[in-house]
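Okay, so here's the structure we're looking at.
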Amino acid sequence: MKLFLAFACLLTGCLAQKPHPCKSPPLLTGGFSLFSQNDDVLALGKYLYDAFGERVRVFELGTLDNQTFTYDVLTLYREQVMYQINDKDKTCTKSPLKANFMPLGVPPGSSLVAQSVLGDSSRPGEGLLVNTWTGNLPDIGNFMTTVTEFGCVPVTFMYQLKPYGWLHTTYFDNVIGITNPDQLNPPSFCSDADTMTHEEPVDFISLFQRKN
């Protein structure tokens, strides 16, 4: 009983504190699922995130407009370059990038929607305290995101993308750190890849739409 009361007081104290926008850990590895409001997009994948070097690697398997796709992309924001990698065939395509690096977390100026507990809040160890925020970003427009109260680890992220409506990303199996740092560098077989300068540079939106 004392343990329950202590936990209840701790939880009440946490809920009474006003959350603030925060930055997620600069090095993260984990899984994610992605689906769209109109059910045309469904994907499951793995990500590696390096805020120090502004690098992101995404491995995806999913469906878009009733067609299956696989996606292995390394985006190097400082170099403004994107690699589409085919590890099986040892080939890659190098394209110019015009997107800005978007750190995970809650951007300054975001508005708090609610603080809540995922799972069971009546017993210790069975709930996760999270904060949900909304805001607007230049590259994607309106968004809504949920992060953990402690650690600012991403839980969900939603934004609008025509013609799919709201795109909803859920993060899971997050690990602080990079489990395989080599995957954030272009593979050796990409060293001879020429930048496809004749292509229109991709941005945050067209990067997703190129899967079609």
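Chain labels A, B, ... are given in the sequence in which chains occur in the structure tokens; within each chain residues are numbered consecutively from 1, and ligands are likewise numbered from 1 in the order shown.
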DSSP strand (DSSP E or B) residues within stretch 61-155 of chain A, listed as a ChimeraX atom specification
/A:61-64,67-76,81-86,91-97,105,111-119,127-137,141-148,154-155
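Closest approach to A:Gly127 among A:Thr148, A:Ser95, A:Thr179, A:Ser110: A:Thr148, based on only C-alpha atoms.
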Excluding A:Asn174 and its own-chain neighbours fewer than 3 positions away, which residues fall within 7 Å of it when counting only C-alpha atoms? Please give them as a list in words.
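My reading of the contact set: Leu28, Thr29, Gly30 and Gly31 of chain A.
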Can I get the selected residues back with N, CA and C atoms, as a PDB file, in the first residue's frame?
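Output contents, as saved in selection.pdb:
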ATOM      1  N   LEU A  28      20.224   7.345 -32.191  1.00  0.00           N
ATOM      2  CA  LEU A  28      19.145   6.406 -31.945  1.00  0.00           C
ATOM      3  C   LEU A  28      19.120   5.323 -33.024  1.00  0.00           C
ATOM      4  N   THR A  29      18.734   4.125 -32.608  1.00  0.00           N
ATOM      5  CA  THR A  29      18.465   3.021 -33.526  1.00  0.00           C
ATOM      6  C   THR A  29      17.137   2.411 -33.109  1.00  0.00           C
ATOM      7  N   GLY A  30      16.314   2.039 -34.069  1.00  0.00           N
ATOM      8  CA  GLY A  30      15.044   1.436 -33.696  1.00  0.00           C
ATOM      9  C   GLY A  30      14.229   0.995 -34.884  1.00  0.00           C
ATOM     10  N   GLY A  31      13.006   0.601 -34.586  1.00  0.00           N
ATOM     11  CA  GLY A  31      12.074   0.205 -35.629  1.00  0.00           C
ATOM     12  C   GLY A  31      10.941   1.201 -35.731  1.00  0.00           C
TER      13      GLY A  31
END
